[in-house]
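protein_17.cif (mmCIF, C-alpha atoms (C1' of nucleotides))
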data_entry
loop_
_atom_site.label_atom_id
_atom_site.label_comp_id
_atom_site.auth_asym_id
_atom_site.auth_seq_id
_atom_site.Cartn_x
_atom_site.Cartn_y
_atom_site.Cartn_z
CA MET A 12 85.21 -14.95 38.37
CA SER A 13 88.27 -13.76 40.21
CA LEU A 14 87.80 -10.15 41.36
CA ASP A 15 91.32 -10.20 42.76
CA ARG A 16 93.89 -9.48 40.06
CA ARG A 17 92.36 -6.04 40.02
CA SER A 18 94.29 -2.99 39.06
CA GLY A 19 92.08 0.00 39.77
CA CYS A 20 91.91 0.76 36.06
CA PRO A 21 88.31 1.56 35.10
CA ILE A 22 88.43 -0.62 32.02
CA ASN A 23 89.98 -3.50 33.90
CA LEU A 24 87.43 -3.27 36.69
CA SER A 25 84.62 -3.08 34.15
CA LEU A 26 85.92 -6.24 32.53
CA GLU A 27 85.87 -7.96 35.88
CA VAL A 28 82.17 -7.20 36.03
CA PHE A 29 81.12 -8.36 32.57
CA GLY A 30 84.25 -9.54 30.85
CA ASP A 31 82.88 -13.04 30.45
CA ARG A 32 80.76 -14.80 27.93
CA TRP A 33 77.41 -14.54 29.71
CA SER A 34 76.95 -11.65 32.12
CA LEU A 35 76.30 -9.06 29.46
CA ILE A 36 74.06 -11.46 27.53
CA ILE A 37 71.89 -11.80 30.62
CA LEU A 38 71.75 -8.05 31.07
CA ARG A 39 70.94 -7.63 27.37
CA ASP A 40 67.98 -9.99 27.70
CA MET A 41 66.73 -8.20 30.79
CA ILE A 42 67.14 -4.74 29.31
CA PHE A 43 66.00 -5.27 25.73
CA GLY A 44 63.99 -8.46 26.12
CA GLY A 45 62.21 -7.43 29.31
CA ARG A 46 62.96 -10.78 30.95
CA ARG A 47 62.67 -10.90 34.71
CA HIS A 48 62.46 -14.61 35.65
CA PHE A 49 64.98 -17.41 35.72
CA ARG A 50 63.12 -19.51 33.16
CA GLU A 51 62.65 -16.61 30.80
CA LEU A 52 66.36 -16.01 30.80
CA LEU A 53 67.11 -19.71 30.53
CA ASN A 54 64.86 -20.51 27.59
CA GLY A 55 64.51 -17.10 26.05
CA SER A 56 68.01 -16.19 24.99
CA ILE A 57 69.03 -17.38 21.56
CA GLU A 58 72.47 -18.35 22.72
CA GLY A 59 71.35 -21.07 25.12
CA ILE A 60 72.92 -20.57 28.52
CA ALA A 61 73.19 -23.55 30.89
CA SER A 62 71.10 -23.36 34.03
CA ASN A 63 74.01 -23.67 36.42
CA ILE A 64 75.89 -20.88 34.68
CA LEU A 65 72.79 -18.72 34.70
CA ALA A 66 72.29 -19.30 38.42
CA ASP A 67 75.93 -18.49 39.07
CA ARG A 68 75.88 -15.30 37.02
CA LEU A 69 72.65 -14.04 38.54
CA LYS A 70 74.16 -14.54 41.98
CA ARG A 71 77.35 -12.83 40.93
CA LEU A 72 75.55 -9.88 39.33
CA MET A 73 73.56 -9.46 42.54
CA GLU A 74 76.75 -9.47 44.61
CA LEU A 75 78.19 -6.84 42.29
CA GLY A 76 75.14 -4.65 42.74
CA MET A 77 73.84 -4.92 39.19
CA LEU A 78 70.70 -6.87 40.05
CA THR A 79 68.30 -7.38 42.90
CA LYS A 80 65.97 -10.29 43.51
CA ALA A 81 62.50 -10.30 45.02
CA ASP A 82 59.60 -12.68 45.43
CA ASP A 83 57.04 -12.57 42.69
CA PRO A 84 53.72 -11.98 44.50
CA SER A 85 51.81 -13.93 41.85
CA HIS A 86 53.69 -17.17 42.42
CA LYS A 87 55.35 -18.30 45.62
CA GLN A 88 58.14 -20.00 43.74
CA LYS A 89 58.91 -17.31 41.26
CA ALA A 90 61.71 -14.88 41.82
CA ILE A 91 61.72 -11.62 39.95
CA TYR A 92 65.00 -9.99 39.09
CA SER A 93 65.38 -6.25 38.79
CA LEU A 94 68.05 -4.06 37.26
CA THR A 95 69.75 -1.55 39.50
CA GLU A 96 70.68 1.96 38.42
CA MET A 97 74.21 0.63 37.94
CA ALA A 98 72.93 -1.80 35.31
CA ILE A 99 70.53 0.65 33.69
CA THR A 100 73.38 3.05 32.99
CA LEU A 101 74.89 0.38 30.75
CA VAL A 102 72.35 1.29 28.06
CA PRO A 103 74.64 3.76 26.28
CA ILE A 104 77.47 1.25 26.33
CA LEU A 105 75.23 -1.46 24.91
CA ALA A 106 74.04 0.96 22.26
CA HIS A 107 77.63 1.74 21.24
CA LEU A 108 78.56 -1.91 21.37
CA GLY A 109 75.64 -2.82 19.15
CA ALA A 110 76.52 -0.08 16.71
CA TRP A 111 80.12 -1.23 16.54
CA GLY A 112 79.12 -4.85 16.07
CA ARG A 113 76.67 -3.91 13.35
CA VAL A 114 79.45 -2.24 11.38
CA TRP A 115 82.23 -4.77 11.84
CA LEU A 116 80.66 -8.16 12.47
CA PRO A 117 78.40 -10.46 10.46
CA THR A 118 75.20 -9.58 12.25
CA SER A 119 71.83 -10.83 11.06
CA GLU A 120 69.36 -8.29 9.78
CA GLU A 121 66.53 -9.11 12.15
CA LEU A 122 68.75 -9.07 15.21
CA SER A 123 70.54 -5.87 14.32
CA ILE A 124 67.52 -3.76 13.46
CA ARG A 125 67.15 -2.93 17.15
CA ALA A 126 70.77 -1.83 17.39
CA GLU A 127 70.23 0.31 14.32
CA LEU A 128 67.17 2.06 15.75
CA LEU A 129 68.90 2.56 19.06
CA GLU A 130 71.87 4.10 17.32
CA LYS A 131 69.74 6.39 15.22
CA GLY A 132 67.75 7.50 18.24
CA GLY A 133 70.94 8.61 19.94
CA PRO A 134 71.28 9.80 23.52
CA PRO A 135 67.72 11.21 23.73
CA LEU A 136 66.26 7.78 22.92
CA TRP A 137 68.65 6.12 25.36
CA GLU A 138 67.52 8.47 28.08
CA LYS A 139 63.89 7.72 27.38
CA PHE A 140 64.63 4.01 27.48
CA MET A 141 66.54 4.33 30.73
CA ASP A 142 63.62 6.23 32.23
CA GLU A 143 61.32 3.40 31.24
CA LEU A 144 63.68 0.86 32.79
CA ARG A 145 63.80 2.90 36.00
CA HIS A 146 60.04 2.83 36.00
CA GLU A 147 59.83 -0.92 35.46
CA HIS A 148 62.64 -1.96 37.74
CA LEU A 149 62.96 0.73 40.37
CA GLY A 150 59.42 2.00 40.57
CA MET A 151 60.33 5.52 39.58
CA PRO A 152 57.64 7.72 38.09
CA LEU A 153 57.66 8.26 34.33
CA ASP A 154 58.08 12.00 33.99
CA THR A 155 58.05 12.25 30.22
CA ALA A 156 54.62 11.60 28.77
CA SER A 157 55.80 9.36 26.14
CA GLY A 158 53.91 7.44 23.45
CA PRO A 159 54.84 3.81 22.84
CA SER A 160 57.65 2.42 24.94
CA VAL A 161 61.10 2.17 23.43
CA ARG A 162 61.15 -1.56 23.97
CA ALA A 163 57.83 -1.97 22.19
CA THR A 164 59.11 0.09 19.29
CA LEU A 165 62.27 -1.97 19.02
CA GLN A 166 60.30 -5.17 19.28
CA ALA A 167 57.86 -4.09 16.59
CA ALA A 168 60.72 -3.32 14.23
CA TYR A 169 62.15 -6.76 14.89
CA GLN A 170 58.82 -8.42 14.20
CA ALA A 171 58.43 -6.46 11.01
CA VAL A 172 61.74 -7.74 9.67
CA VAL A 173 60.92 -11.31 10.69
CA ALA A 174 57.51 -11.10 9.02
CA ARG A 175 58.94 -9.63 5.85
CA LYS A 176 61.56 -12.34 5.61
CA ALA A 177 58.95 -15.04 6.27
CA LEU A 178 56.97 -13.88 3.26
CA GLY A 179 59.87 -14.78 1.02
CA ALA A 180 62.70 -12.90 -0.54
CA SER A 181 60.71 -10.37 -2.56
CA PRO A 182 57.63 -9.37 -0.56
CA ALA A 183 56.53 -6.05 -1.96
CA ALA A 184 57.80 -6.50 -5.49
CA MET B 13 87.26 -18.93 22.00
CA SER B 14 84.34 -20.61 20.32
CA LEU B 15 83.02 -18.40 17.51
CA ASP B 16 80.32 -21.00 16.86
CA ARG B 17 77.46 -20.57 19.29
CA ARG B 18 76.93 -17.34 17.46
CA SER B 19 73.57 -15.71 17.13
CA GLY B 20 73.83 -12.84 14.72
CA CYS B 21 73.05 -10.43 17.56
CA PRO B 22 75.46 -7.48 17.45
CA ILE B 23 76.06 -7.57 21.18
CA ASN B 24 76.61 -11.32 21.18
CA LEU B 25 79.04 -11.13 18.29
CA SER B 26 80.88 -8.28 19.95
CA LEU B 27 81.23 -10.39 23.06
CA GLU B 28 82.72 -13.18 21.00
CA VAL B 29 85.39 -10.73 19.94
CA PHE B 30 86.35 -9.32 23.33
CA GLY B 31 84.12 -11.00 25.88
CA ASP B 32 87.07 -12.48 27.69
CA ARG B 33 89.42 -11.37 30.36
CA TRP B 34 92.32 -10.26 28.20
CA SER B 35 91.51 -9.14 24.66
CA LEU B 36 90.27 -5.72 25.63
CA ILE B 37 93.13 -5.26 28.10
CA ILE B 38 95.59 -5.83 25.27
CA LEU B 39 93.76 -3.35 23.05
CA ARG B 40 93.66 -0.87 25.92
CA ASP B 41 97.43 -1.08 26.31
CA MET B 42 97.98 -0.67 22.61
CA ILE B 43 95.56 2.25 22.30
CA PHE B 44 96.25 4.20 25.46
CA GLY B 45 99.68 2.86 26.34
CA GLY B 46 101.09 3.01 22.85
CA ARG B 47 102.51 -0.49 23.13
CA ARG B 48 103.40 -2.23 19.89
CA HIS B 49 105.66 -5.16 20.84
CA PHE B 50 105.10 -8.48 22.50
CA ARG B 51 107.39 -7.73 25.44
CA GLU B 52 105.89 -4.32 26.03
CA LEU B 53 102.46 -5.89 26.29
CA LEU B 54 103.78 -8.73 28.42
CA ASN B 55 105.64 -6.67 31.00
CA GLY B 56 103.85 -3.37 30.65
CA SER B 57 100.31 -4.11 31.66
CA ILE B 58 99.57 -3.83 35.34
CA GLU B 59 97.41 -6.90 35.33
CA GLY B 60 100.16 -9.34 34.37
CA ILE B 61 99.09 -11.46 31.45
CA ALA B 62 100.82 -14.80 30.87
CA SER B 63 102.93 -15.07 27.77
CA ASN B 64 101.03 -18.00 26.27
CA ILE B 65 97.73 -16.22 26.72
CA LEU B 66 99.16 -13.07 25.20
CA ALA B 67 100.42 -15.01 22.18
CA ASP B 68 97.07 -16.70 21.80
CA ARG B 69 95.10 -13.46 22.02
CA LEU B 70 97.33 -11.61 19.62
CA LYS B 71 96.85 -14.40 17.12
CA ARG B 72 93.14 -14.39 17.68
CA LEU B 73 92.82 -10.63 17.37
CA MET B 74 94.74 -10.84 14.11
CA GLU B 75 92.41 -13.53 12.80
CA LEU B 76 89.47 -11.35 13.76
CA GLY B 77 90.90 -8.42 11.85
CA MET B 78 91.58 -6.20 14.85
CA LEU B 79 95.37 -6.28 14.57
CA THR B 80 98.07 -6.74 11.98
CA LYS B 81 101.65 -7.81 12.50
CA ALA B 82 104.76 -6.70 10.66
CA ASP B 83 108.52 -6.98 11.02
CA ASP B 84 110.17 -4.20 12.93
CA PRO B 85 112.88 -2.91 10.59
CA SER B 86 115.10 -1.96 13.53
CA HIS B 87 115.35 -5.50 14.89
CA LYS B 88 115.09 -8.74 12.94
CA GLN B 89 113.33 -10.52 15.76
CA LYS B 90 110.92 -7.83 16.72
CA ALA B 91 107.36 -7.92 15.52
CA ILE B 92 105.34 -4.74 15.56
CA TYR B 93 101.62 -4.97 16.02
CA SER B 94 99.25 -2.41 14.55
CA LEU B 95 95.64 -1.59 15.23
CA THR B 96 93.23 -1.83 12.33
CA GLU B 97 90.43 0.64 11.74
CA MET B 98 88.13 -1.94 13.33
CA ALA B 99 90.09 -1.70 16.56
CA ILE B 100 90.53 2.08 16.41
CA THR B 101 86.77 2.55 16.32
CA LEU B 102 86.60 0.97 19.76
CA VAL B 103 87.82 4.25 21.25
CA PRO B 104 84.32 5.61 21.96
CA ILE B 105 83.33 2.31 23.56
CA LEU B 106 86.41 2.32 25.74
CA ALA B 107 85.70 5.91 26.69
CA HIS B 108 82.17 5.02 27.74
CA LEU B 109 83.34 1.92 29.52
CA GLY B 110 85.92 3.90 31.43
CA ALA B 111 83.36 6.52 32.36
CA TRP B 112 80.96 3.86 33.60
CA GLY B 113 83.66 2.11 35.60
CA ARG B 114 84.77 5.38 37.12
CA VAL B 115 81.28 6.01 38.45
CA TRP B 116 80.40 2.54 39.68
CA LEU B 117 83.60 0.72 40.53
CA PRO B 118 86.42 1.30 43.03
CA THR B 119 88.88 2.76 40.56
CA SER B 120 92.16 4.26 41.68
CA GLU B 121 92.68 7.96 41.19
CA GLU B 122 95.82 7.76 39.11
CA LEU B 123 94.41 5.16 36.77
CA SER B 124 91.07 6.84 36.29
CA ILE B 125 92.33 10.33 35.55
CA ARG B 126 92.75 9.35 31.92
CA ALA B 127 89.19 8.06 31.73
CA GLU B 128 88.03 11.31 33.26
CA LEU B 129 89.84 13.49 30.75
CA LEU B 130 88.65 11.30 27.89
CA GLU B 131 85.10 11.61 29.11
CA LYS B 132 85.31 15.37 29.50
CA GLY B 133 86.83 15.76 26.05
CA GLY B 134 83.85 13.99 24.54
CA PRO B 135 83.48 12.93 20.91
CA PRO B 136 85.73 15.70 19.54
CA LEU B 137 88.63 14.49 21.65
CA TRP B 138 87.92 10.88 20.72
CA GLU B 139 88.02 11.82 17.05
CA LYS B 140 91.32 13.58 17.47
CA PHE B 141 92.70 10.56 19.29
CA MET B 142 91.43 8.19 16.60
CA ASP B 143 93.09 10.34 13.95
CA GLU B 144 96.35 10.08 15.82
CA LEU B 145 95.97 6.32 16.06
CA ARG B 146 95.27 6.12 12.33
CA HIS B 147 98.44 8.10 11.78
CA GLU B 148 100.54 5.86 14.04
CA HIS B 149 99.09 2.52 12.99
CA LEU B 150 97.78 2.97 9.48
CA GLY B 151 100.10 5.64 8.15
CA MET B 152 97.30 8.07 7.45
CA PRO B 153 98.15 11.76 7.27
CA LEU B 154 97.29 13.93 10.25
CA ASP B 155 94.89 16.48 8.80
CA THR B 156 94.22 18.52 11.92
CA ALA B 157 97.22 20.58 12.99
CA SER B 158 97.00 19.67 16.54
CA GLY B 159 99.20 20.59 19.47
CA PRO B 160 100.27 17.86 21.90
CA SER B 161 98.98 14.38 21.18
CA VAL B 162 96.02 13.09 23.12
CA ARG B 163 98.05 10.20 24.46
CA ALA B 164 100.76 12.54 25.69
CA THR B 165 98.14 14.70 27.40
CA LEU B 166 96.58 11.70 29.11
CA GLN B 167 99.97 10.40 30.12
CA ALA B 168 101.02 13.76 31.54
CA ALA B 169 97.87 13.89 33.65
CA TYR B 170 98.61 10.42 34.95
CA GLN B 171 102.17 11.37 35.83
CA ALA B 172 100.96 14.49 37.60
CA VAL B 173 98.70 12.46 39.86
CA VAL B 174 101.44 9.92 40.58
CA ALA B 175 103.89 12.70 41.39
CA ARG B 176 101.45 14.48 43.65
CA LYS B 177 100.72 11.30 45.55
CA ALA B 178 104.42 10.51 45.85
CA LEU B 179 104.98 13.81 47.63
CA GLY B 180 102.77 12.69 50.44
CA ALA B 181 99.18 13.12 51.37
CA SER B 182 99.10 16.92 51.66
CA PRO B 183 101.47 18.39 49.08
CA ALA B 184 100.32 21.96 48.65
CA ALA B 185 98.97 22.50 52.16
"C1'" DT C 210 134.90 -13.24 19.75
"C1'" DG C 211 132.33 -14.43 23.57
"C1'" DC C 212 128.52 -13.97 26.44
"C1'" DA C 213 124.68 -11.95 28.72
"C1'" DA C 214 120.39 -9.95 27.69
"C1'" DC C 215 116.50 -9.83 25.04
"C1'" DC C 216 113.19 -11.40 21.05
"C1'" DG C 217 108.53 -13.66 20.23
"C1'" DA C 218 106.74 -17.30 21.29
"C1'" DT C 219 105.95 -22.70 22.88
"C1'" DT C 220 105.66 -26.56 26.16
"C1'" DG C 221 103.99 -29.25 30.13
"C1'" DC C 222 101.25 -29.44 33.82
"C1'" DA C 223 97.98 -28.08 37.56
"C1'" DA C 224 93.91 -25.49 38.57
"C1'" DA C 225 89.75 -23.34 37.43
"C1'" DA C 226 85.77 -22.43 34.53
"C1'" DT C 227 82.37 -24.16 31.40
"C1'" DG C 228 78.94 -27.22 29.04
"C1'" DC C 229 75.67 -30.66 29.57
"C1'" DA C 230 72.18 -33.70 31.29
"C1'" DA C 231 69.87 -35.33 35.06
"C1'" DT C 232 67.66 -34.22 39.10
"C1'" DC C 233 65.98 -31.83 43.46
"C1'" DG C 234 61.93 -30.43 46.58
"C1'" DG C 235 58.30 -27.59 46.39
"C1'" DA C 236 54.18 -24.96 44.11
"C1'" DT C 237 50.69 -24.69 40.76
"C1'" DC C 238 47.27 -26.18 37.60
"C1'" DA C 239 43.92 -29.40 35.48
"C1'" DT D 17 46.02 -36.95 41.82
"C1'" DG D 18 49.17 -36.38 38.41
"C1'" DA D 19 51.43 -33.50 34.99
"C1'" DT D 20 53.82 -29.30 34.69
"C1'" DC D 21 56.49 -25.61 36.02
"C1'" DC D 22 59.58 -23.09 39.64
"C1'" DG D 23 64.55 -21.77 40.71
"C1'" DA D 24 68.12 -23.85 41.26
"C1'" DT D 25 71.92 -27.95 42.36
"C1'" DT D 26 74.73 -32.06 41.41
"C1'" DG D 27 78.14 -34.91 39.04
"C1'" DC D 28 81.10 -35.31 35.45
"C1'" DA D 29 83.61 -34.56 31.04
"C1'" DT D 30 85.71 -30.99 28.40
"C1'" DT D 31 87.85 -26.64 27.73
"C1'" DT D 32 90.27 -22.68 29.19
"C1'" DT D 33 93.43 -20.50 32.13
"C1'" DG D 34 97.55 -19.59 35.03
"C1'" DC D 35 102.21 -20.40 35.80
"C1'" DA D 36 107.02 -21.43 35.26
"C1'" DA D 37 110.42 -23.13 32.48
"C1'" DT D 38 112.31 -23.16 28.12
"C1'" DC D 39 113.02 -22.77 23.01
"C1'" DG D 40 116.07 -21.20 18.99
"C1'" DG D 41 117.52 -17.12 17.33
"C1'" DT D 42 119.25 -11.95 17.53
"C1'" DT D 43 121.41 -8.11 19.50
"C1'" DG D 44 124.53 -5.16 22.20
"C1'" DC D 45 128.56 -4.81 24.59
"C1'" DA D 46 133.24 -5.82 26.38
#
Using structure tokens, write down the structure that the file contains.
Amino acid sequence: MSLDRRSGCPINLSLEVFGDRWSLIILRDMIFGGRRHFRELLNGSIEGIASNILADRLKRLMELGMLTKADDPSHKQKAIYSLTEMAITLVPILAHLGAWGRVWLPTSEELSIRAELLEKGGPPLWEKFMDELRHEHLGMPLDTASGPSVRATLQAAYQAVVARKALGASPAA
Amino acid sequence: MSLDRRSGCPINLSLEVFGDRWSLIILRDMIFGGRRHFRELLNGSIEGIASNILADRLKRLMELGMLTKADDPSHKQKAIYSLTEMAITLVPILAHLGAWGRVWLPTSEELSIRAELLEKGGPPLWEKFMDELRHEHLGMPLDTASGPSVRATLQAAYQAVVARKALGASPAA
DNA sequence: TGCAACCGATTGCAAAATGCAATCGGATCA
DNA sequence: TGATCCGATTGCATTTTGCAATCGGTTGCA
């Protein structure tokens, strides 16, 4: 919250941007979950952020240039949040972070399948995903004719794991 | 500090490890600064961590399996902290983070030169650096006959920038 | 031998951040 | 018209942080 004890070190400055418990969670939900509205972020994330913290972090991320806010034309009260290029370029970092967490931390299978696919896809997949995000959030044209979106692919893999687990421990046996 | 509101998501779990203001700063100083002792970490880092916070984070990072502590044979009171493999594999993440910060945040020239070199070196340089860290911290043999250490190279570049700036604005004009 | 400096922490206390539940005024929907 | 949803905001208890002083012990030096 401070922004003052800064030291010009890239890592330190990066930590001042998302070195807290929630900022990167919000960005994760926007990037991978496709969430754009306050309520979606409030109720959608598994971790359960409080509304005042969410409001504060959205404001802070806007001030830092990671997000922009606009009126949702379909609903006079709805605000729609968009990622900036600055936030979209976090995708490789999030991919690395997910890969590291998958190796070293007790991740759950259904929630780490996306990290696994993202890791396996490597930089080309990240680039495709970033292009899709630029399209969604910045209105850029989609130059690569593409097939299913990366997010849809990740989501489908997640659903497949959830469905398999719901059928019981030994589904195809 | 919680470790409870966990959600199995790799990114969330990663944030529970170093999603705070100081943990990653400490690891940065150990990795890039070569610091191994409490006092070095306390007085060495530009950002000025408090001693109680440092003690708490070192303990926490040990509990998480990122660090180990041992007696320094040269001094009965000195403790020497070592990185584990889990911490050493953060090097690519730190490299990416530094690269991102260098692009998007107001980094200082002398403190970002290391991030720049690390970025330009790419994965091969990171691997060499990680091997050196494994040698220093885990006692592994150095298989690649190597030339100057990565840390020394980064440090020399930093010193060169500092020296150039100390000579005044237009040194070679 | 004495004494200052240094070792890794720990303590007490003030300030700030966070978590939580209730609530706001307005817009939308039935 | 009334229930529901919208993005927040408020008040308050709890937790975390920052800061300075200090701890008991070790070391280096005169």
- Item | Top pick for closest residue to chain C, considering A:Ser119, A:Ser160, A:Ser93, A:Gln88 and counting all atoms listed in the file |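 Nearest candidate to chain C out of A:Ser119, A:Ser160, A:Ser93, A:Gln88: A:Gln88.
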- Task: Report as number ranges by chain the full result of the PyMOL selection byres ((chain B) within 12 of (chain D)) when it is applied to this structure.
- Result: B: 13-14, 32-34, 60-66, 68, 86-90
Writing out the chosen residues with C-alpha atoms as a PDB file, in the coordinates of the input:
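Resulting contents of result.pdb:
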ATOM      1  CA  MET B  13      87.260 -18.930  22.000  1.00  0.00           C
ATOM      2  CA  SER B  14      84.340 -20.610  20.320  1.00  0.00           C
ATOM      3  CA  ASP B  32      87.070 -12.480  27.690  1.00  0.00           C
ATOM      4  CA  ARG B  33      89.420 -11.370  30.360  1.00  0.00           C
ATOM      5  CA  TRP B  34      92.320 -10.260  28.200  1.00  0.00           C
ATOM      6  CA  GLY B  60     100.160  -9.340  34.370  1.00  0.00           C
ATOM      7  CA  ILE B  61      99.090 -11.460  31.450  1.00  0.00           C
ATOM      8  CA  ALA B  62     100.820 -14.800  30.870  1.00  0.00           C
ATOM      9  CA  SER B  63     102.930 -15.070  27.770  1.00  0.00           C
ATOM     10  CA  ASN B  64     101.030 -18.000  26.270  1.00  0.00           C
ATOM     11  CA  ILE B  65      97.730 -16.220  26.720  1.00  0.00           C
ATOM     12  CA  LEU B  66      99.160 -13.070  25.200  1.00  0.00           C
ATOM     13  CA  ASP B  68      97.070 -16.700  21.800  1.00  0.00           C
ATOM     14  CA  SER B  86     115.100  -1.960  13.530  1.00  0.00           C
ATOM     15  CA  HIS B  87     115.350  -5.500  14.890  1.00  0.00           C
ATOM     16  CA  LYS B  88     115.090  -8.740  12.940  1.00  0.00           C
ATOM     17  CA  GLN B  89     113.330 -10.520  15.760  1.00  0.00           C
ATOM     18  CA  LYS B  90     110.920  -7.830  16.720  1.00  0.00           C
TER      19      LYS B  90
END
- Gly133 in chain A environment, 10 Å, only C-alpha atoms (C1' of nucleotides), sequence neighbours closer than 3 positions dropped, as a PyMOL selection string: chain A and resi 103+106-107+128-130+136-138
- Kindly resolve the PyMOL selection byres ((chain C) within 7 of (chain B)) on the present coordinates and return the residues as a count of residues only. 3
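Each of A:Arg113, A:Thr95, A:Gly55, A:Phe43 was checked against chain B using all atoms listed in the file; the smallest atom-to-atom distance is that of A:Arg113.
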- Given the file shown, enumerate the residues that the PyMOL selection byres ((chain A) within 7 of (chain B)) captures and present them as a ChimeraX atom specification. /A:16-26,30-32,36,57-58,97,104,107-109,112-113,115-119,122-123
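Note that CA of Leu153 in chain A and CA of Pro135 in chain A are 14.9 Å apart.
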- CA of Ala168 in chain A to CA of Met41 in chain A, straight-line distance in Å: 18.3 Å
- Item | Coordinates-based distance that separates CA of Thr80 in chain B from CA of Met152 in chain B (Å, one decimal) | 15.5 Å
With 5 Å of padding per side, what axis-aligned box (centre and edge lengths, Å, one decimal) covers all the listed atoms of range 69-73 of chain B? Give it as AutoDock Vina command-line options.
--center_x 95.1 --center_y -12.5 --center_z 19.6 --size_x 14.5 --size_y 13.8 --size_z 14.9
- Message: Which residue is closest to Leu38 in chain A? Choose from A:Val161, A:Ala167, A:Leu53, A:Leu94 and count only C-alpha atoms.
- Response: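 Counting only C-alpha atoms, the residue closest to Leu38 in chain A is A:Leu94.
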